[in-house]
$ cat work36.cif   # mmCIF, C-alpha atoms; chains and numbers go by the auth columns
data_my_file
loop_
_atom_site.group_PDB
_atom_site.id
_atom_site.type_symbol
_atom_site.label_atom_id
_atom_site.label_comp_id
_atom_site.label_asym_id
_atom_site.label_seq_id
_atom_site.Cartn_x
_atom_site.Cartn_y
_atom_site.Cartn_z
_atom_site.B_iso_or_equiv
_atom_site.auth_seq_id
_atom_site.auth_asym_id
ATOM 1 C CA MET A 1 128.854 117.431 87.850 0.00 1 A
ATOM 2 C CA ARG A 2 128.848 116.124 91.424 0.00 2 A
ATOM 3 C CA ARG A 3 131.184 118.894 92.570 0.00 3 A
ATOM 4 C CA LEU A 4 128.978 121.495 90.948 0.00 4 A
ATOM 5 C CA ALA A 5 125.984 120.070 92.824 0.00 5 A
ATOM 6 C CA ILE A 6 127.916 120.247 96.105 0.00 6 A
ATOM 7 C CA LEU A 7 128.943 123.833 95.394 0.00 7 A
ATOM 8 C CA VAL A 8 125.349 124.817 94.621 0.00 8 A
ATOM 9 C CA GLY A 9 124.275 123.121 97.875 0.00 9 A
ATOM 10 C CA VAL A 10 126.903 125.030 99.854 0.00 10 A
ATOM 11 C CA LEU A 11 125.786 128.316 98.282 0.00 11 A
ATOM 12 C CA ILE A 12 122.141 127.611 99.059 0.00 12 A
ATOM 13 C CA LEU A 13 123.013 126.836 102.684 0.00 13 A
ATOM 14 C CA PHE A 14 125.067 130.008 102.901 0.00 14 A
ATOM 15 C CA LEU A 15 122.311 132.160 101.443 0.00 15 A
ATOM 16 C CA THR A 16 119.448 130.627 103.448 0.00 16 A
ATOM 17 C CA GLY A 17 121.163 130.648 106.825 0.00 17 A
ATOM 18 C CA CYS A 18 120.931 126.884 107.260 0.00 18 A
ATOM 19 C CA GLY A 19 117.883 126.808 109.561 0.00 19 A
ATOM 20 C CA GLY A 20 116.516 123.365 110.390 0.00 20 A
ATOM 21 C CA LEU A 21 117.054 120.022 108.759 0.00 21 A
ATOM 22 C CA HIS A 22 116.919 119.435 105.006 0.00 22 A
ATOM 23 C CA GLU A 23 114.126 116.930 105.530 0.00 23 A
ATOM 24 C CA LEU A 24 111.982 116.355 108.615 0.00 24 A
ATOM 25 C CA TRP A 25 108.872 114.242 109.106 0.00 25 A
ATOM 26 C CA GLU A 26 107.009 113.287 112.272 0.00 26 A
ATOM 27 C CA GLY A 27 104.397 110.566 112.377 0.00 27 A
ATOM 28 C CA PRO A 28 101.106 110.866 114.237 0.00 28 A
ATOM 29 C CA SER A 29 102.522 109.133 117.334 0.00 29 A
ATOM 30 C CA ALA A 30 105.657 111.316 117.591 0.00 30 A
ATOM 31 C CA ALA A 31 104.218 113.518 120.332 0.00 31 A
ATOM 32 C CA THR A 32 103.271 110.577 122.539 0.00 32 A
ATOM 33 C CA PHE A 33 106.136 108.159 121.795 0.00 33 A
ATOM 34 C CA LYS A 34 108.308 108.127 124.934 0.00 34 A
ATOM 35 C CA PRO A 35 110.533 105.037 124.823 0.00 35 A
ATOM 36 C CA LYS A 36 112.702 104.245 127.833 0.00 36 A
ATOM 37 C CA THR A 37 115.214 102.162 125.879 0.00 37 A
ATOM 38 C CA ILE A 38 116.694 102.788 122.444 0.00 38 A
ATOM 39 C CA ALA A 39 119.169 100.899 120.269 0.00 39 A
ATOM 40 C CA VAL A 40 121.259 102.486 117.519 0.00 40 A
ATOM 41 C CA LEU A 41 121.323 99.835 114.810 0.00 41 A
ATOM 42 C CA PRO A 42 124.373 99.387 112.580 0.00 42 A
ATOM 43 C CA PRO A 43 124.129 102.151 109.971 0.00 43 A
ATOM 44 C CA ILE A 44 123.371 101.658 106.307 0.00 44 A
ATOM 45 C CA VAL A 45 126.624 102.871 104.779 0.00 45 A
ATOM 46 C CA GLY A 46 126.479 102.058 101.072 0.00 46 A
ATOM 47 C CA ALA A 47 129.759 103.190 99.513 0.00 47 A
ATOM 48 C CA TYR A 48 130.965 104.797 102.763 0.00 48 A
ATOM 49 C CA GLU A 49 132.184 101.687 104.594 0.00 49 A
ATOM 50 C CA GLY A 50 134.710 103.760 106.554 0.00 50 A
ATOM 51 C CA ALA A 51 131.808 105.543 108.254 0.00 51 A
ATOM 52 C CA ARG A 52 130.239 102.439 109.812 0.00 52 A
ATOM 53 C CA GLU A 53 131.874 102.335 113.230 0.00 53 A
ATOM 54 C CA ALA A 54 132.448 106.075 113.650 0.00 54 A
ATOM 55 C CA SER A 55 128.855 107.022 112.816 0.00 55 A
ATOM 56 C CA GLN A 56 127.259 104.360 115.025 0.00 56 A
ATOM 57 C CA THR A 57 129.523 105.248 117.961 0.00 57 A
ATOM 58 C CA THR A 58 128.877 108.975 117.502 0.00 58 A
ATOM 59 C CA ILE A 59 125.096 108.558 117.459 0.00 59 A
ATOM 60 C CA TYR A 60 125.214 106.229 120.481 0.00 60 A
ATOM 61 C CA SER A 61 127.382 108.687 122.464 0.00 61 A
ATOM 62 C CA LYS A 62 125.161 111.671 121.685 0.00 62 A
ATOM 63 C CA LEU A 63 121.961 109.836 122.640 0.00 63 A
ATOM 64 C CA LYS A 64 123.580 108.550 125.840 0.00 64 A
ATOM 65 C CA LYS A 65 124.693 112.079 126.825 0.00 65 A
ATOM 66 C CA SER A 66 121.283 113.560 126.022 0.00 66 A
ATOM 67 C CA GLY A 67 119.671 111.905 129.049 0.00 67 A
ATOM 68 C CA ARG A 68 116.505 111.518 126.996 0.00 68 A
ATOM 69 C CA TYR A 69 116.366 107.741 127.482 0.00 69 A
ATOM 70 C CA GLN A 70 116.746 105.612 130.604 0.00 70 A
ATOM 71 C CA SER A 71 118.901 103.216 128.620 0.00 71 A
ATOM 72 C CA VAL A 72 120.759 103.453 125.332 0.00 72 A
ATOM 73 C CA ILE A 73 121.797 99.930 124.379 0.00 73 A
ATOM 74 C CA SER A 74 125.560 99.860 123.924 0.00 74 A
ATOM 75 C CA THR A 75 127.021 99.655 120.448 0.00 75 A
ATOM 76 C CA GLU A 76 128.818 96.451 121.419 0.00 76 A
ATOM 77 C CA ASP A 77 125.593 94.783 122.619 0.00 77 A
ATOM 78 C CA VAL A 78 123.675 95.835 119.509 0.00 78 A
ATOM 79 C CA ASN A 79 126.387 94.596 117.157 0.00 79 A
ATOM 80 C CA ALA A 80 126.803 91.333 119.114 0.00 80 A
ATOM 81 C CA ALA A 81 123.081 90.628 118.681 0.00 81 A
ATOM 82 C CA PHE A 82 123.557 90.534 114.913 0.00 82 A
ATOM 83 C CA ILE A 83 126.664 88.321 114.836 0.00 83 A
ATOM 84 C CA PRO A 84 124.786 85.012 114.777 0.00 84 A
ATOM 85 C CA LYS A 85 123.594 84.216 111.249 0.00 85 A
ATOM 86 C CA GLU A 86 119.929 84.500 112.268 0.00 86 A
ATOM 87 C CA GLY A 87 120.491 88.039 113.586 0.00 87 A
ATOM 88 C CA SER A 88 122.454 89.060 110.507 0.00 88 A
ATOM 89 C CA ASP A 89 119.781 87.671 108.180 0.00 89 A
ATOM 90 C CA LEU A 90 117.066 89.463 110.153 0.00 90 A
ATOM 91 C CA LEU A 91 118.836 92.829 109.888 0.00 91 A
ATOM 92 C CA THR A 92 119.587 92.315 106.185 0.00 92 A
ATOM 93 C CA ALA A 93 115.932 91.484 105.449 0.00 93 A
ATOM 94 C CA TYR A 94 114.717 94.481 107.453 0.00 94 A
ATOM 95 C CA TYR A 95 117.102 96.922 105.763 0.00 95 A
ATOM 96 C CA SER A 96 116.287 95.507 102.339 0.00 96 A
ATOM 97 C CA LYS A 97 112.564 96.180 102.821 0.00 97 A
ATOM 98 C CA LEU A 98 113.205 99.562 104.415 0.00 98 A
ATOM 99 C CA GLU A 99 115.405 100.698 101.527 0.00 99 A
ATOM 100 C CA THR A 100 113.285 99.311 98.681 0.00 100 A
ATOM 101 C CA THR A 101 109.853 100.347 99.957 0.00 101 A
ATOM 102 C CA GLY A 102 110.644 103.158 102.388 0.00 102 A
ATOM 103 C CA GLN A 103 108.428 101.353 104.881 0.00 103 A
ATOM 104 C CA SER A 104 109.336 99.600 108.115 0.00 104 A
ATOM 105 C CA ASP A 105 108.324 95.931 108.191 0.00 105 A
ATOM 106 C CA PRO A 106 106.374 95.595 111.477 0.00 106 A
ATOM 107 C CA GLU A 107 107.126 91.910 112.058 0.00 107 A
ATOM 108 C CA LEU A 108 110.864 92.259 111.422 0.00 108 A
ATOM 109 C CA ALA A 109 111.101 95.480 113.487 0.00 109 A
ATOM 110 C CA MET A 110 109.411 93.786 116.450 0.00 110 A
ATOM 111 C CA LYS A 111 111.822 90.835 116.194 0.00 111 A
ATOM 112 C CA ILE A 112 114.803 93.206 116.083 0.00 112 A
ATOM 113 C CA GLY A 113 113.424 95.115 119.086 0.00 113 A
ATOM 114 C CA LYS A 114 113.214 91.892 121.076 0.00 114 A
ATOM 115 C CA LEU A 115 116.660 90.792 119.910 0.00 115 A
ATOM 116 C CA VAL A 116 118.345 94.032 121.070 0.00 116 A
ATOM 117 C CA GLN A 117 115.927 94.508 123.999 0.00 117 A
ATOM 118 C CA ALA A 118 114.847 98.023 123.074 0.00 118 A
ATOM 119 C CA GLU A 119 111.541 99.866 122.768 0.00 119 A
ATOM 120 C CA ALA A 120 112.883 102.128 120.015 0.00 120 A
ATOM 121 C CA LEU A 121 115.284 101.563 117.148 0.00 121 A
ATOM 122 C CA LEU A 122 117.315 104.268 115.466 0.00 122 A
ATOM 123 C CA VAL A 123 118.341 103.497 111.903 0.00 123 A
ATOM 124 C CA ALA A 124 120.922 105.795 110.295 0.00 124 A
ATOM 125 C CA LYS A 125 121.839 105.916 106.626 0.00 125 A
ATOM 126 C CA ILE A 126 125.093 107.574 105.618 0.00 126 A
ATOM 127 C CA ASN A 127 124.499 109.712 102.542 0.00 127 A
ATOM 128 C CA SER A 128 127.980 111.238 102.407 0.00 128 A
ATOM 129 C CA TRP A 129 131.239 110.822 104.295 0.00 129 A
ATOM 130 C CA GLU A 130 133.907 112.405 102.174 0.00 130 A
ATOM 131 C CA PHE A 131 136.363 115.135 101.372 0.00 131 A
ATOM 132 C CA GLY A 132 136.085 117.157 98.208 0.00 132 A
ATOM 133 C CA ARG A 133 137.079 120.282 96.399 0.00 133 A
ATOM 134 C CA ALA A 134 134.909 122.788 94.541 0.00 134 A
ATOM 135 C CA GLU A 135 135.822 126.199 93.096 0.00 135 A
ATOM 136 C CA GLY A 136 139.188 126.119 94.888 0.00 136 A
ATOM 137 C CA ASP A 137 137.676 125.348 98.317 0.00 137 A
ATOM 138 C CA SER A 138 138.465 122.119 100.110 0.00 138 A
ATOM 139 C CA PHE A 139 135.759 120.694 102.317 0.00 139 A
ATOM 140 C CA GLY A 140 134.719 117.745 104.439 0.00 140 A
ATOM 141 C CA LYS A 141 131.108 116.633 104.187 0.00 141 A
ATOM 142 C CA VAL A 142 129.021 114.282 106.283 0.00 142 A
ATOM 143 C CA GLY A 143 125.379 113.645 105.461 0.00 143 A
ATOM 144 C CA MET A 144 122.941 111.225 106.994 0.00 144 A
ATOM 145 C CA GLY A 145 119.344 110.305 107.349 0.00 145 A
ATOM 146 C CA MET A 146 117.817 108.870 110.513 0.00 146 A
ATOM 147 C CA ARG A 147 114.614 106.991 111.219 0.00 147 A
ATOM 148 C CA LEU A 148 113.163 106.400 114.686 0.00 148 A
ATOM 149 C CA ILE A 149 111.176 103.168 114.802 0.00 149 A
ATOM 150 C CA ASP A 150 108.696 102.036 117.458 0.00 150 A
ATOM 151 C CA ALA A 151 109.830 98.472 118.144 0.00 151 A
ATOM 152 C CA SER A 152 106.420 97.479 119.562 0.00 152 A
ATOM 153 C CA ASN A 153 104.665 97.864 116.212 0.00 153 A
ATOM 154 C CA GLY A 154 107.379 98.676 113.651 0.00 154 A
ATOM 155 C CA ALA A 155 106.004 102.133 112.852 0.00 155 A
ATOM 156 C CA ILE A 156 108.316 104.902 111.684 0.00 156 A
ATOM 157 C CA VAL A 157 107.750 107.616 114.278 0.00 157 A
ATOM 158 C CA TRP A 158 110.198 110.220 112.982 0.00 158 A
ATOM 159 C CA LYS A 159 112.673 110.700 110.175 0.00 159 A
ATOM 160 C CA GLY A 160 115.133 113.394 109.286 0.00 160 A
ATOM 161 C CA ARG A 161 117.918 114.053 106.798 0.00 161 A
ATOM 162 C CA HIS A 162 120.674 116.622 106.952 0.00 162 A
ATOM 163 C CA ASP A 163 124.325 117.226 106.155 0.00 163 A
ATOM 164 C CA LYS A 164 127.214 119.324 107.408 0.00 164 A
ATOM 165 C CA ILE A 165 130.008 120.782 105.319 0.00 165 A
ATOM 166 C CA LYS A 166 133.179 122.220 106.765 0.00 166 A
ATOM 167 C CA THR A 167 135.593 124.075 104.513 0.00 167 A
ATOM 168 C CA TYR A 168 139.284 124.234 105.289 0.00 168 A
ATOM 169 C CA MET A 169 142.536 125.612 103.974 0.00 169 A
ATOM 170 C CA LEU A 170 145.415 123.996 105.839 0.00 170 A
ATOM 171 C CA PHE A 171 144.091 121.591 108.434 0.00 171 A
ATOM 172 C CA LYS A 172 141.803 118.839 107.222 0.00 172 A
ATOM 173 C CA PRO A 173 138.943 118.324 109.696 0.00 173 A
ATOM 174 C CA LYS A 174 138.113 114.858 110.979 0.00 174 A
ATOM 175 C CA LEU A 175 134.923 113.528 109.448 0.00 175 A
ATOM 176 C CA LYS A 176 133.956 112.112 112.850 0.00 176 A
ATOM 177 C CA ASP A 177 134.049 115.662 114.292 0.00 177 A
ATOM 178 C CA ILE A 178 131.761 116.870 111.509 0.00 178 A
ATOM 179 C CA ALA A 179 129.491 113.875 112.216 0.00 179 A
ATOM 180 C CA GLU A 180 129.333 114.839 115.906 0.00 180 A
ATOM 181 C CA ASP A 181 128.126 118.341 114.987 0.00 181 A
ATOM 182 C CA LEU A 182 125.597 116.855 112.580 0.00 182 A
ATOM 183 C CA VAL A 183 124.233 114.354 115.111 0.00 183 A
ATOM 184 C CA ASP A 184 124.012 117.122 117.741 0.00 184 A
ATOM 185 C CA GLU A 185 121.839 119.145 115.414 0.00 185 A
ATOM 186 C CA MET A 186 119.699 116.240 114.237 0.00 186 A
ATOM 187 C CA SER A 187 119.097 114.847 117.723 0.00 187 A
ATOM 188 C CA ASP A 188 117.546 118.186 118.743 0.00 188 A
ATOM 189 C CA TYR A 189 114.703 117.353 116.366 0.00 189 A
ATOM 190 C CA LEU A 190 114.049 113.833 117.685 0.00 190 A
ATOM 191 C CA PRO A 191 110.692 113.553 119.481 0.00 191 A
ATOM 192 C CA LYS A 192 111.078 114.293 123.195 0.00 192 A
#

$ encode --input "work36.cif" --output "structure tokens"
Amino acid sequence: MRRLAILVGVLILFLTGCGGLHELWEGPSAATFKPKTIAVLPPIVGAYEGAREASQTTIYSKLKKSGRYQSVISTEDVNAAFIPKEGSDLLTAYYSKLETTGQSDPELAMKIGKLVQAEALLVAKINSWEFGRAEGDSFGKVGMGMRLIDASNGAIVWKGRHDKIKTYMLFKPKLKDIAEDLVDEMSDYLPK
């Protein structure tokens, strides 16, 4: 059933020309939100544990190269902030509320912003990070959702969701390469 759903998704993308993101939402402050510093938080990976480091590093690298922000807090610094138990508990509580309610908890977001010393937080959720086969075609698929959070008040400023599928015959693509293409496309839609 899952493979059939993937095949139908691939066909829809093929037929529609794949313009834009699957889901895109901008909050009222998106046009005026111009943070100087941003931190890419550890991603929500669910069943795709192997995607944790690669996805966070890819997003960090793409934001750093974009020149959009004066400072992109390094992956190492962000992760180090959550190593103490208090930091880990704070992130767990924030993600729990974000995932169960779909809303950003203002108090927790502000604490995280202070902890990582950033004006904006980027939260990624990995929706797929896998290889599959449908109708005789082999493919690699990476899907993710992103939320841009204003760390001064905890508001969700922007969110998007998209995925990339790459079919192959002989040479299996690297999922990180597919993720790089996906992040390139998604970052074009981030508020500027």

$ closest_residue --input "work36.cif" --among "A:Lys174, A:Lys192, A:Lys97, A:Arg161" --to "Gly20 (chain A)" --atoms "only C-alpha atoms"
A:Arg161

$ closest_residue --input "work36.cif" --among "A:Asp181, A:Glu119, A:Glu53, A:Glu107" --to "Gly143 (chain A)" --atoms "only C-alpha atoms"
A:Asp181

$ resolve_selection --input "work36.cif" --expression "the PyMOL selection byres ((chain A and resi 36-44) around 6)" --output "ChimeraX atom specification"
/A:35,45,69-73,118-125

$ write_last_selection --input "work36.cif" --atoms "C-alpha atoms" --output "PDB file, keeping the file's coordinate frame"
ATOM      1  CA  PRO A  35     110.533 105.037 124.823  1.00  0.00           C
ATOM      2  CA  VAL A  45     126.624 102.871 104.779  1.00  0.00           C
ATOM      3  CA  TYR A  69     116.366 107.741 127.482  1.00  0.00           C
ATOM      4  CA  GLN A  70     116.746 105.612 130.604  1.00  0.00           C
ATOM      5  CA  SER A  71     118.901 103.216 128.620  1.00  0.00           C
ATOM      6  CA  VAL A  72     120.759 103.453 125.332  1.00  0.00           C
ATOM      7  CA  ILE A  73     121.797  99.930 124.379  1.00  0.00           C
ATOM      8  CA  ALA A 118     114.847  98.023 123.074  1.00  0.00           C
ATOM      9  CA  GLU A 119     111.541  99.866 122.768  1.00  0.00           C
ATOM     10  CA  ALA A 120     112.883 102.128 120.015  1.00  0.00           C
ATOM     11  CA  LEU A 121     115.284 101.563 117.148  1.00  0.00           C
ATOM     12  CA  LEU A 122     117.315 104.268 115.466  1.00  0.00           C
ATOM     13  CA  VAL A 123     118.341 103.497 111.903  1.00  0.00           C
ATOM     14  CA  ALA A 124     120.922 105.795 110.295  1.00  0.00           C
ATOM     15  CA  LYS A 125     121.839 105.916 106.626  1.00  0.00           C
TER      16      LYS A 125
END

$ closest_residue --input "work36.cif" --among "A:Asp77, A:Asp137, A:Glu49, A:Asp177" --to "Gln117 (chain A)" --atoms "only C-alpha atoms"
A:Asp77

$ residues_around --input "work36.cif" --residues "Ala93 (chain A)" --least-positions-apart "2" --cutoff "12 Å" --atoms "all atoms listed in the file" --output "ChimeraX atom specification"
/A:86-91,95-100,104-105,107-109,111-112

$ resolve_selection --input "work36.cif" --expression "the PyMOL selection byres ((chain A and resi 58) around 8)" --output "number ranges by chain"
A: 54-57, 59-62, 176, 179-180, 183

$ decode --input "work36.cif" --residues "region 5-93 of chain A" --atoms "C-alpha atoms" --output "tab-separated table (two decimals), in the first residue's frame"
chain	number	residue	atom	x	y	z
A	5	ALA	CA	1.08	5.71	-2.50
A	6	ILE	CA	4.68	6.60	-3.39
A	7	LEU	CA	4.09	5.65	-7.02
A	8	VAL	CA	0.94	7.77	-7.17
A	9	GLY	CA	2.90	10.66	-5.64
A	10	VAL	CA	5.67	10.29	-8.23
A	11	LEU	CA	3.10	10.26	-11.04
A	12	ILE	CA	1.38	13.36	-9.70
A	13	LEU	CA	4.71	15.18	-9.49
A	14	PHE	CA	5.56	14.10	-13.01
A	15	LEU	CA	2.23	15.23	-14.41
A	16	THR	CA	2.08	18.56	-12.54
A	17	GLY	CA	5.63	19.67	-13.25
A	18	CYS	CA	6.58	19.84	-9.58
A	19	GLY	CA	6.21	23.62	-9.12
A	20	GLY	CA	6.62	24.91	-5.58
A	21	LEU	CA	6.53	23.14	-2.26
A	22	HIS	CA	3.88	20.59	-1.28
A	23	GLU	CA	2.92	22.77	1.67
A	24	LEU	CA	3.82	26.40	2.35
A	25	TRP	CA	2.54	28.81	4.98
A	26	GLU	CA	3.77	32.27	5.97
A	27	GLY	CA	2.68	34.00	9.13
A	28	PRO	CA	1.75	37.68	9.32
A	29	SER	CA	5.27	38.67	10.41
A	30	ALA	CA	7.08	36.77	7.62
A	31	ALA	CA	7.62	39.86	5.49
A	32	THR	CA	9.19	41.85	8.32
A	33	PHE	CA	11.08	39.09	10.18
A	34	LYS	CA	14.78	39.70	9.45
A	35	PRO	CA	16.83	37.79	12.02
A	36	LYS	CA	20.60	38.26	12.05
A	37	THR	CA	21.32	34.94	13.78
A	38	ILE	CA	19.72	31.55	13.22
A	39	ALA	CA	20.22	28.13	14.78
A	40	VAL	CA	19.31	24.84	13.09
A	41	LEU	CA	17.98	22.72	15.93
A	42	PRO	CA	18.51	18.95	15.98
A	43	PRO	CA	15.90	17.53	13.60
A	44	ILE	CA	12.88	15.50	14.60
A	45	VAL	CA	13.70	12.20	12.92
A	46	GLY	CA	11.12	9.68	14.12
A	47	ALA	CA	11.96	6.33	12.51
A	48	TYR	CA	14.74	7.84	10.37
A	49	GLU	CA	17.52	8.00	12.97
A	50	GLY	CA	20.17	7.70	10.25
A	51	ALA	CA	19.07	11.09	8.92
A	52	ARG	CA	19.80	13.06	12.11
A	53	GLU	CA	23.35	14.25	11.53
A	54	ALA	CA	23.24	14.41	7.73
A	55	SER	CA	20.05	16.49	7.61
A	56	GLN	CA	21.13	18.96	10.31
A	57	THR	CA	24.55	19.43	8.69
A	58	THR	CA	23.00	19.86	5.23
A	59	ILE	CA	20.53	22.51	6.41
A	60	TYR	CA	23.27	24.34	8.34
A	61	SER	CA	25.61	24.35	5.31
A	62	LYS	CA	22.94	25.63	2.93
A	63	LEU	CA	21.88	28.45	5.27
A	64	LYS	CA	25.51	29.40	5.87
A	65	LYS	CA	26.21	29.56	2.11
A	66	SER	CA	23.05	31.56	1.43
A	67	GLY	CA	24.49	34.69	3.06
A	68	ARG	CA	20.99	35.51	4.29
A	69	TYR	CA	22.05	35.65	7.95
A	70	GLN	CA	24.99	37.38	9.63
A	71	SER	CA	25.51	34.28	11.73
A	72	VAL	CA	24.35	30.68	11.46
A	73	ILE	CA	25.11	29.01	14.78
A	74	SER	CA	27.31	25.99	14.13
A	75	THR	CA	25.84	22.52	14.39
A	76	GLU	CA	28.41	21.66	17.05
A	77	ASP	CA	27.47	24.68	19.20
A	78	VAL	CA	23.75	23.98	18.88
A	79	ASN	CA	24.14	20.31	19.78
A	80	ALA	CA	26.51	21.12	22.68
A	81	ALA	CA	23.87	23.43	24.16
A	82	PHE	CA	21.51	20.48	24.53
A	83	ILE	CA	24.00	18.02	26.07
A	84	PRO	CA	23.40	19.08	29.68
A	85	LYS	CA	20.26	17.43	31.05
A	86	GLU	CA	18.48	20.79	31.41
A	87	GLY	CA	19.05	21.57	27.72
A	88	SER	CA	17.94	18.11	26.64
A	89	ASP	CA	14.79	18.31	28.76
A	90	LEU	CA	14.01	21.76	27.37
A	91	LEU	CA	14.29	20.56	23.76
A	92	THR	CA	12.25	17.42	24.48
A	93	ALA	CA	9.46	19.47	26.10
